[in-house]
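Here is the file target.pdb (PDB, C-alpha atoms, pLDDT in the B column).
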```pdb
MODEL        1
ATOM      1  CA  MET A   1      -7.598  83.243  28.037  1.00 45.00           C
ATOM      2  CA  ALA A   2     -10.234  84.199  25.507  1.00 48.00           C
ATOM      3  CA  CYS A   3     -12.038  87.398  26.463  1.00 64.00           C
ATOM      4  CA  ASN A   4     -15.413  85.665  26.052  1.00 89.00           C
ATOM      5  CA  PHE A   5     -14.489  83.128  28.741  1.00 94.00           C
ATOM      6  CA  ARG A   6     -13.595  84.714  32.068  1.00 95.00           C
ATOM      7  CA  PRO A   7     -14.201  82.099  34.780  1.00 97.00           C
ATOM      8  CA  ALA A   8     -14.380  82.528  38.540  1.00 98.00           C
ATOM      9  CA  LEU A   9     -14.157  79.877  41.245  1.00 98.00           C
ATOM     10  CA  ILE A  10     -16.187  80.115  44.464  1.00 98.00           C
ATOM     11  CA  VAL A  11     -15.193  77.728  47.264  1.00 98.00           C
ATOM     12  CA  VAL A  12     -18.124  77.715  49.664  1.00 98.00           C
ATOM     13  CA  ASP A  13     -17.658  77.232  53.421  1.00 98.00           C
ATOM     14  CA  LEU A  14     -14.913  74.603  53.485  1.00 98.00           C
ATOM     15  CA  GLN A  15     -14.608  75.104  57.245  1.00 98.00           C
ATOM     16  CA  GLU A  16     -13.738  72.902  60.198  1.00 98.00           C
ATOM     17  CA  ASP A  17     -17.256  72.898  61.655  1.00 98.00           C
ATOM     18  CA  PHE A  18     -18.600  71.451  58.409  1.00 98.00           C
ATOM     19  CA  CYS A  19     -16.001  68.683  58.225  1.00 98.00           C
ATOM     20  CA  PRO A  20     -15.358  65.405  60.036  1.00 98.00           C
ATOM     21  CA  PRO A  21     -14.070  64.322  62.412  1.00 97.00           C
ATOM     22  CA  ASN A  22     -14.811  67.101  64.888  1.00 97.00           C
ATOM     23  CA  GLY A  23     -17.075  69.629  63.186  1.00 98.00           C
ATOM     24  CA  SER A  24     -20.228  70.539  65.069  1.00 98.00           C
ATOM     25  CA  LEU A  25     -22.195  70.392  61.801  1.00 98.00           C
ATOM     26  CA  ALA A  26     -19.989  67.932  59.957  1.00 98.00           C
ATOM     27  CA  VAL A  27     -21.114  66.886  56.484  1.00 98.00           C
ATOM     28  CA  ALA A  28     -20.330  63.232  55.798  1.00 98.00           C
ATOM     29  CA  ASN A  29     -17.082  62.958  53.805  1.00 98.00           C
ATOM     30  CA  GLY A  30     -16.928  66.731  53.589  1.00 98.00           C
ATOM     31  CA  ARG A  31     -13.180  66.956  54.075  1.00 98.00           C
ATOM     32  CA  ASP A  32     -12.585  64.528  51.207  1.00 98.00           C
ATOM     33  CA  ILE A  33     -13.357  67.154  48.569  1.00 98.00           C
ATOM     34  CA  THR A  34     -10.358  69.304  49.484  1.00 98.00           C
ATOM     35  CA  LEU A  35      -7.863  67.504  47.228  1.00 98.00           C
ATOM     36  CA  LEU A  36      -9.950  68.088  44.103  1.00 98.00           C
ATOM     37  CA  ILE A  37     -10.623  71.697  45.080  1.00 98.00           C
ATOM     38  CA  ASN A  38      -6.891  72.252  45.439  1.00 98.00           C
ATOM     39  CA  LYS A  39      -6.483  70.965  41.877  1.00 97.00           C
ATOM     40  CA  LEU A  40      -9.014  73.511  40.711  1.00 97.00           C
ATOM     41  CA  LEU A  41      -7.203  76.288  42.558  1.00 98.00           C
ATOM     42  CA  ALA A  42      -4.208  75.662  40.300  1.00 96.00           C
ATOM     43  CA  PHE A  43      -6.267  76.465  37.204  1.00 96.00           C
ATOM     44  CA  PRO A  44      -6.161  79.957  35.641  1.00 95.00           C
ATOM     45  CA  PHE A  45      -9.397  81.422  36.977  1.00 97.00           C
ATOM     46  CA  VAL A  46      -9.714  85.185  36.720  1.00 96.00           C
ATOM     47  CA  ILE A  47     -10.617  85.232  40.401  1.00 98.00           C
ATOM     48  CA  LYS A  48     -10.693  82.558  43.118  1.00 98.00           C
ATOM     49  CA  ALA A  49     -12.842  83.313  46.156  1.00 98.00           C
ATOM     50  CA  ALA A  50     -13.696  81.389  49.294  1.00 98.00           C
ATOM     51  CA  THR A  51     -16.567  82.054  51.645  1.00 98.00           C
ATOM     52  CA  LYS A  52     -16.862  81.457  55.360  1.00 98.00           C
ATOM     53  CA  ASP A  53     -19.876  81.270  57.624  1.00 98.00           C
ATOM     54  CA  TRP A  54     -18.907  83.825  60.272  1.00 98.00           C
ATOM     55  CA  HIS A  55     -21.698  83.846  62.812  1.00 98.00           C
ATOM     56  CA  PRO A  56     -22.105  85.798  66.021  1.00 98.00           C
ATOM     57  CA  ARG A  57     -23.025  83.651  69.027  1.00 98.00           C
ATOM     58  CA  ASP A  58     -26.590  84.984  69.026  1.00 98.00           C
ATOM     59  CA  HIS A  59     -27.229  84.002  65.418  1.00 98.00           C
ATOM     60  CA  VAL A  60     -30.831  83.229  64.548  1.00 98.00           C
ATOM     61  CA  SER A  61     -29.968  79.891  62.910  1.00 98.00           C
ATOM     62  CA  PHE A  62     -28.727  78.287  66.158  1.00 98.00           C
ATOM     63  CA  ALA A  63     -31.289  76.048  67.815  1.00 98.00           C
ATOM     64  CA  ALA A  64     -29.605  76.819  71.139  1.00 98.00           C
ATOM     65  CA  ASN A  65     -30.889  80.393  70.825  1.00 98.00           C
ATOM     66  CA  HIS A  66     -34.542  79.243  70.691  1.00 98.00           C
ATOM     67  CA  GLU A  67     -35.980  77.660  73.805  1.00 97.00           C
ATOM     68  CA  GLY A  68     -37.374  74.183  73.232  1.00 97.00           C
ATOM     69  CA  LYS A  69     -36.042  73.928  69.692  1.00 98.00           C
ATOM     70  CA  ALA A  70     -33.783  71.149  68.414  1.00 98.00           C
ATOM     71  CA  PRO A  71     -31.176  71.322  65.639  1.00 98.00           C
ATOM     72  CA  PHE A  72     -31.970  69.597  62.342  1.00 97.00           C
ATOM     73  CA  LYS A  73     -35.550  68.759  63.393  1.00 97.00           C
ATOM     74  CA  ASP A  74     -37.074  72.197  64.022  1.00 98.00           C
ATOM     75  CA  THR A  75     -37.544  75.330  61.933  1.00 98.00           C
ATOM     76  CA  ILE A  76     -38.345  78.935  62.731  1.00 98.00           C
ATOM     77  CA  THR A  77     -39.945  81.828  60.906  1.00 98.00           C
ATOM     78  CA  ILE A  78     -37.406  84.573  60.212  1.00 98.00           C
ATOM     79  CA  VAL A  79     -38.832  88.055  59.785  1.00 98.00           C
ATOM     80  CA  ASN A  80     -37.257  90.853  57.777  1.00 98.00           C
ATOM     81  CA  PRO A  81     -36.188  93.308  60.489  1.00 97.00           C
ATOM     82  CA  TYR A  82     -37.114  96.201  58.173  1.00 98.00           C
ATOM     83  CA  ASN A  83     -40.386  94.787  56.832  1.00 98.00           C
ATOM     84  CA  GLU A  84     -42.371  92.447  59.060  1.00 97.00           C
ATOM     85  CA  SER A  85     -44.581  91.351  56.157  1.00 98.00           C
ATOM     86  CA  GLU A  86     -41.628  89.542  54.565  1.00 98.00           C
ATOM     87  CA  THR A  87     -40.784  86.201  56.184  1.00 98.00           C
ATOM     88  CA  TYR A  88     -39.350  82.784  55.428  1.00 97.00           C
ATOM     89  CA  GLU A  89     -39.000  79.431  57.177  1.00 97.00           C
ATOM     90  CA  SER A  90     -35.510  78.253  58.005  1.00 97.00           C
ATOM     91  CA  ARG A  91     -34.067  75.063  59.447  1.00 98.00           C
ATOM     92  CA  LEU A  92     -32.291  75.278  62.791  1.00 98.00           C
ATOM     93  CA  TRP A  93     -28.723  74.066  63.263  1.00 98.00           C
ATOM     94  CA  PRO A  94     -26.215  73.273  65.980  1.00 98.00           C
ATOM     95  CA  VAL A  95     -23.978  76.167  66.981  1.00 98.00           C
ATOM     96  CA  HIS A  96     -21.353  76.392  64.230  1.00 98.00           C
ATOM     97  CA  CYS A  97     -18.739  78.663  62.662  1.00 98.00           C
ATOM     98  CA  VAL A  98     -18.798  81.201  65.481  1.00 98.00           C
ATOM     99  CA  GLN A  99     -16.598  84.202  64.772  1.00 98.00           C
ATOM    100  CA  GLY A 100     -13.037  83.729  65.959  1.00 97.00           C
ATOM    101  CA  THR A 101     -13.368  80.031  66.829  1.00 98.00           C
ATOM    102  CA  TRP A 102     -11.503  77.016  65.485  1.00 98.00           C
ATOM    103  CA  GLY A 103     -14.680  75.728  63.841  1.00 98.00           C
ATOM    104  CA  ALA A 104     -14.976  78.846  61.686  1.00 98.00           C
ATOM    105  CA  GLU A 105     -11.526  78.414  60.144  1.00 98.00           C
ATOM    106  CA  LEU A 106     -10.995  77.129  56.632  1.00 98.00           C
ATOM    107  CA  VAL A 107      -9.612  73.601  56.715  1.00 98.00           C
ATOM    108  CA  PRO A 108      -5.811  73.662  56.821  1.00 98.00           C
ATOM    109  CA  GLU A 109      -5.524  71.293  53.847  1.00 98.00           C
ATOM    110  CA  LEU A 110      -7.013  73.952  51.561  1.00 98.00           C
ATOM    111  CA  HIS A 111      -4.427  75.870  49.510  1.00 98.00           C
ATOM    112  CA  VAL A 112      -5.527  79.265  50.797  1.00 98.00           C
ATOM    113  CA  SER A 113      -2.461  80.987  49.332  1.00 98.00           C
ATOM    114  CA  GLN A 114      -4.046  80.523  45.915  1.00 98.00           C
ATOM    115  CA  LEU A 115      -7.219  82.382  46.885  1.00 98.00           C
ATOM    116  CA  ASP A 116      -7.710  85.994  45.858  1.00 98.00           C
ATOM    117  CA  LEU A 117     -10.212  86.790  48.571  1.00 97.00           C
ATOM    118  CA  VAL A 118     -12.184  85.310  51.450  1.00 98.00           C
ATOM    119  CA  LEU A 119     -15.694  86.605  52.105  1.00 98.00           C
ATOM    120  CA  GLU A 120     -17.433  86.261  55.471  1.00 97.00           C
ATOM    121  CA  LYS A 121     -21.181  85.707  55.467  1.00 97.00           C
ATOM    122  CA  GLY A 122     -23.907  85.170  58.030  1.00 97.00           C
ATOM    123  CA  THR A 123     -22.564  88.007  60.152  1.00 97.00           C
ATOM    124  CA  ASP A 124     -25.949  89.609  60.866  1.00 97.00           C
ATOM    125  CA  PRO A 125     -27.544  87.746  63.799  1.00 98.00           C
ATOM    126  CA  ARG A 126     -31.060  88.493  62.568  1.00 98.00           C
ATOM    127  CA  VAL A 127     -31.012  86.663  59.215  1.00 97.00           C
ATOM    128  CA  GLU A 128     -29.943  83.335  57.748  1.00 97.00           C
ATOM    129  CA  MET A 129     -27.656  83.749  54.746  1.00 96.00           C
ATOM    130  CA  TYR A 130     -26.837  80.568  52.870  1.00 98.00           C
ATOM    131  CA  SER A 131     -25.878  82.441  49.717  1.00 98.00           C
ATOM    132  CA  PRO A 132     -22.487  84.144  49.488  1.00 97.00           C
ATOM    133  CA  PHE A 133     -24.186  86.986  47.601  1.00 98.00           C
ATOM    134  CA  TYR A 134     -27.002  88.199  49.847  1.00 98.00           C
ATOM    135  CA  ASP A 135     -29.751  87.189  52.248  1.00 97.00           C
ATOM    136  CA  PRO A 136     -33.155  85.950  50.985  1.00 96.00           C
ATOM    137  CA  PHE A 137     -35.027  89.168  51.744  1.00 97.00           C
ATOM    138  CA  ILE A 138     -35.687  91.615  48.931  1.00 96.00           C
ATOM    139  CA  SER A 139     -37.993  94.300  50.364  1.00 96.00           C
ATOM    140  CA  PRO A 140     -35.521  95.530  51.474  1.00 97.00           C
ATOM    141  CA  ARG A 141     -32.426  93.328  51.404  1.00 97.00           C
ATOM    142  CA  VAL A 142     -30.716  93.175  54.804  1.00 97.00           C
ATOM    143  CA  TYR A 143     -27.164  92.236  53.790  1.00 96.00           C
ATOM    144  CA  ASP A 144     -25.230  92.193  50.519  1.00 96.00           C
ATOM    145  CA  SER A 145     -21.654  90.868  50.434  1.00 96.00           C
ATOM    146  CA  GLY A 146     -20.703  92.801  47.316  1.00 97.00           C
ATOM    147  CA  LEU A 147     -19.718  89.616  45.492  1.00 98.00           C
ATOM    148  CA  VAL A 148     -21.891  90.339  42.458  1.00 98.00           C
ATOM    149  CA  ARG A 149     -20.150  93.685  42.009  1.00 98.00           C
ATOM    150  CA  ILE A 150     -16.720  92.052  42.412  1.00 98.00           C
ATOM    151  CA  LEU A 151     -17.498  89.488  39.703  1.00 98.00           C
ATOM    152  CA  ARG A 152     -18.904  92.088  37.341  1.00 98.00           C
ATOM    153  CA  ASP A 153     -15.938  94.400  37.882  1.00 98.00           C
ATOM    154  CA  LYS A 154     -13.731  91.483  36.800  1.00 97.00           C
ATOM    155  CA  GLN A 155     -15.985  90.916  33.766  1.00 96.00           C
ATOM    156  CA  ILE A 156     -16.645  87.339  34.844  1.00 97.00           C
ATOM    157  CA  THR A 157     -18.688  85.252  32.411  1.00 97.00           C
ATOM    158  CA  ASP A 158     -18.683  81.815  34.049  1.00 97.00           C
ATOM    159  CA  VAL A 159     -18.874  80.853  37.738  1.00 98.00           C
ATOM    160  CA  TYR A 160     -17.744  77.468  39.059  1.00 98.00           C
ATOM    161  CA  VAL A 161     -18.995  76.558  42.540  1.00 98.00           C
ATOM    162  CA  VAL A 162     -17.648  73.934  44.949  1.00 98.00           C
ATOM    163  CA  GLY A 163     -17.660  73.369  48.715  1.00 98.00           C
ATOM    164  CA  LEU A 164     -20.176  72.682  51.473  1.00 98.00           C
ATOM    165  CA  ALA A 165     -22.929  71.897  51.761  1.00 98.00           C
ATOM    166  CA  ALA A 166     -24.404  70.940  48.388  1.00 98.00           C
ATOM    167  CA  ASP A 167     -28.037  71.213  49.460  1.00 98.00           C
ATOM    168  CA  TYR A 168     -27.756  74.514  51.348  1.00 98.00           C
ATOM    169  CA  CYS A 169     -25.016  77.113  50.879  1.00 98.00           C
ATOM    170  CA  VAL A 170     -23.645  75.643  47.652  1.00 98.00           C
ATOM    171  CA  LYS A 171     -27.131  75.329  46.175  1.00 98.00           C
ATOM    172  CA  ASN A 172     -27.924  78.948  47.022  1.00 98.00           C
ATOM    173  CA  ALA A 173     -24.600  80.146  45.631  1.00 98.00           C
ATOM    174  CA  VAL A 174     -25.259  78.376  42.340  1.00 98.00           C
ATOM    175  CA  MET A 175     -28.837  79.557  42.001  1.00 98.00           C
ATOM    176  CA  ASP A 176     -28.045  83.177  42.860  1.00 98.00           C
ATOM    177  CA  ALA A 177     -25.076  83.273  40.476  1.00 98.00           C
ATOM    178  CA  THR A 178     -27.379  81.981  37.750  1.00 98.00           C
ATOM    179  CA  LYS A 179     -30.028  84.554  38.649  1.00 98.00           C
ATOM    180  CA  GLU A 180     -27.410  87.297  38.323  1.00 98.00           C
ATOM    181  CA  GLY A 181     -26.714  86.249  34.740  1.00 98.00           C
ATOM    182  CA  PHE A 182     -23.522  84.216  35.052  1.00 98.00           C
ATOM    183  CA  LYS A 183     -23.132  80.840  33.360  1.00 98.00           C
ATOM    184  CA  THR A 184     -22.898  78.701  36.468  1.00 98.00           C
ATOM    185  CA  TYR A 185     -21.542  75.222  37.119  1.00 98.00           C
ATOM    186  CA  LEU A 186     -21.574  73.063  40.238  1.00 98.00           C
ATOM    187  CA  ILE A 187     -18.784  70.485  40.128  1.00 98.00           C
ATOM    188  CA  GLU A 188     -20.433  67.464  41.719  1.00 98.00           C
ATOM    189  CA  GLU A 189     -17.323  65.631  42.945  1.00 98.00           C
ATOM    190  CA  CYS A 190     -16.331  68.811  44.817  1.00 98.00           C
ATOM    191  CA  THR A 191     -19.332  69.005  47.114  1.00 98.00           C
ATOM    192  CA  ARG A 192     -21.250  66.931  49.660  1.00 98.00           C
ATOM    193  CA  ALA A 193     -24.815  67.245  50.943  1.00 98.00           C
ATOM    194  CA  VAL A 194     -26.191  67.391  54.482  1.00 97.00           C
ATOM    195  CA  ASP A 195     -29.093  65.179  53.408  1.00 97.00           C
ATOM    196  CA  ALA A 196     -27.372  62.844  50.966  1.00 96.00           C
ATOM    197  CA  SER A 197     -30.483  60.788  50.244  1.00 96.00           C
ATOM    198  CA  ALA A 198     -32.316  63.901  49.030  1.00 96.00           C
ATOM    199  CA  TRP A 199     -29.453  65.106  46.828  1.00 97.00           C
ATOM    200  CA  PRO A 200     -30.821  63.698  43.527  1.00 97.00           C
ATOM    201  CA  GLU A 201     -33.999  65.725  43.916  1.00 97.00           C
ATOM    202  CA  CYS A 202     -32.075  68.788  45.044  1.00 97.00           C
ATOM    203  CA  LYS A 203     -29.865  68.492  41.968  1.00 97.00           C
ATOM    204  CA  LYS A 204     -32.946  68.585  39.740  1.00 97.00           C
ATOM    205  CA  GLY A 205     -33.961  71.873  41.338  1.00 97.00           C
ATOM    206  CA  ILE A 206     -30.509  73.348  40.749  1.00 98.00           C
ATOM    207  CA  GLU A 207     -30.574  72.355  37.100  1.00 97.00           C
ATOM    208  CA  ALA A 208     -34.108  73.712  36.706  1.00 97.00           C
ATOM    209  CA  SER A 209     -32.763  77.120  37.736  1.00 96.00           C
ATOM    210  CA  GLY A 210     -30.557  77.152  34.630  1.00 98.00           C
ATOM    211  CA  ALA A 211     -27.296  76.091  36.266  1.00 98.00           C
ATOM    212  CA  LYS A 212     -25.402  72.951  35.286  1.00 98.00           C
ATOM    213  CA  VAL A 213     -24.199  70.166  37.564  1.00 98.00           C
ATOM    214  CA  VAL A 214     -20.991  68.957  35.946  1.00 98.00           C
ATOM    215  CA  SER A 215     -18.129  66.522  36.486  1.00 98.00           C
ATOM    216  CA  MET A 216     -14.411  67.061  37.005  1.00 97.00           C
ATOM    217  CA  ASP A 217     -13.980  64.951  33.850  1.00 95.00           C
ATOM    218  CA  GLY A 218     -16.495  66.937  31.815  1.00 96.00           C
ATOM    219  CA  PRO A 219     -15.871  69.472  29.053  1.00 96.00           C
ATOM    220  CA  GLU A 220     -16.781  72.423  31.288  1.00 97.00           C
ATOM    221  CA  VAL A 221     -13.816  71.663  33.567  1.00 97.00           C
ATOM    222  CA  ARG A 222     -11.505  70.521  30.767  1.00 94.00           C
ATOM    223  CA  ARG A 223     -12.020  73.945  29.239  1.00 94.00           C
ATOM    224  CA  LEU A 224     -10.336  75.409  32.319  1.00 93.00           C
ATOM    225  CA  MET A 225      -7.342  73.139  31.965  1.00 76.00           C
ATOM    226  CA  THR A 226      -6.645  74.351  28.445  1.00 65.00           C
ATOM    227  CA  ALA A 227      -7.354  78.031  29.062  1.00 57.00           C
ATOM    228  CA  GLN A 228      -4.459  80.384  28.354  1.00 49.00           C
TER
ENDMDL
END
```
Using the file provided, produce a representation of the structure as structure tokens.
Amino acid sequence: MACNFRPALIVVDLQEDFCPPNGSLAVANGRDITLLINKLLAFPFVIKAATKDWHPRDHVSFAANHEGKAPFKDTITIVNPYNESETYESRLWPVHCVQGTWGAELVPELHVSQLDLVLEKGTDPRVEMYSPFYDPFISPRVYDSGLVRILRDKQITDVYVVGLAADYCVKNAVMDATKEGFKTYLIEECTRAVDASAWPECKKGIEASGAKVVSMDGPEVRRLMTAQ
């Protein structure tokens, strides 16, 4: 593989709770992407990582932890526990991907033996963390997974992102990878959105960040197939 092309694959949150038929936060057709992701896992990436939402039961994103609030419909203001002047609005969800439960497991169809590492995110009950890199706060940051350092230590140049869900965790993974200076690609056939009707607009925002939304049949993926 040419030294100026050192690709990484990030498989975001391909977990039971995000997949039909029984996931508590199932994304329509979410399980269907596994076959294509398994094909990608056979390619010669420098590193192949998967992420998992790994929430404690008292996580701030669960509507059940906020009296009178409903999943999907309601939002809350999340406050930086170290700086009350820093806040953001976040959508509330059904209870999902609780640590140690069936719903938090990667789907069994995924070829996990071909992964180099699995990162757990969303472990701090006080903050929402869609991105596999870090939470949205910056002054100061509350949690950092160390993924940026891992990629830089491996001298990664290009990051390919797949998984669930396109308009939340995948979107944040792509945008943060781009922000950190990696050439970043979202493979569209390998993701699904929570709000499918809003995906075209969401995709525009991803591309405006400098990332590319690409196809399994496109040159960006073909380049992987021919890498030595």
Segment 28-121 of chain A near segment 175-195 of chain A within 8 Å: what's each residue's closest atom pair and its distance in Å to one decimal, counting only C-alpha atoms, ordered by chain then ascending residue number, as a tab-separated table?
```
residue	atom	partner	partner_atom	distance
A:Ala28	CA	A:Arg192	CA	7.2
A:Asn29	CA	A:Arg192	CA	7.1
A:Gly30	CA	A:Arg192	CA	5.8
A:Ile33	CA	A:Cys190	CA	5.1
A:Thr34	CA	A:Cys190	CA	7.6
A:Leu36	CA	A:Cys190	CA	6.5
A:Ile37	CA	A:Cys190	CA	6.4
```
Between A:Asp53, A:Asp158, A:Glu67, A:Glu207, which residue has the minimum interatomic distance to Arg223 of chain A, considering all atoms listed in the file?
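Closest residue, counting all atoms listed in the file: A:Asp158.
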Contacts of Val174 of chain A at 12 Å or less, counting all atoms listed in the file, minus same-chain residues fewer than 5 places along, as a VMD selection string?
chain A and resid 9 to 12 130 to 133 158 to 169 179 to 188 203 205 to 213
Please write as a ChimeraX atom specification the full residue list that the PyMOL selection byres ((chain A and resi 7) around 10) yields on this file.
/A:1,4-6,8-9,44-48,151,154-160,182-184,224,227
Skip Glu128 of chain A itself and residues of its chain fewer than 4 positions away, then list as an mmCIF file with C-alpha atoms, keeping the file's coordinate frame all residues within 8 Å of it, counting only C-alpha atoms.
```cif
data_model
loop_
_atom_site.group_PDB
_atom_site.id
_atom_site.type_symbol
_atom_site.label_atom_id
_atom_site.label_comp_id
_atom_site.auth_asym_id
_atom_site.auth_seq_id
_atom_site.Cartn_x
_atom_site.Cartn_y
_atom_site.Cartn_z
ATOM 1 C CA VAL A 60 -30.831 83.229 64.548
ATOM 2 C CA SER A 61 -29.968 79.891 62.910
ATOM 3 C CA ILE A 78 -37.406 84.573 60.212
ATOM 4 C CA SER A 90 -35.510 78.253 58.005
ATOM 5 C CA GLY A 122 -23.907 85.170 58.030
ATOM 6 C CA ASP A 135 -29.751 87.189 52.248
ATOM 7 C CA PRO A 136 -33.155 85.950 50.985
#
```
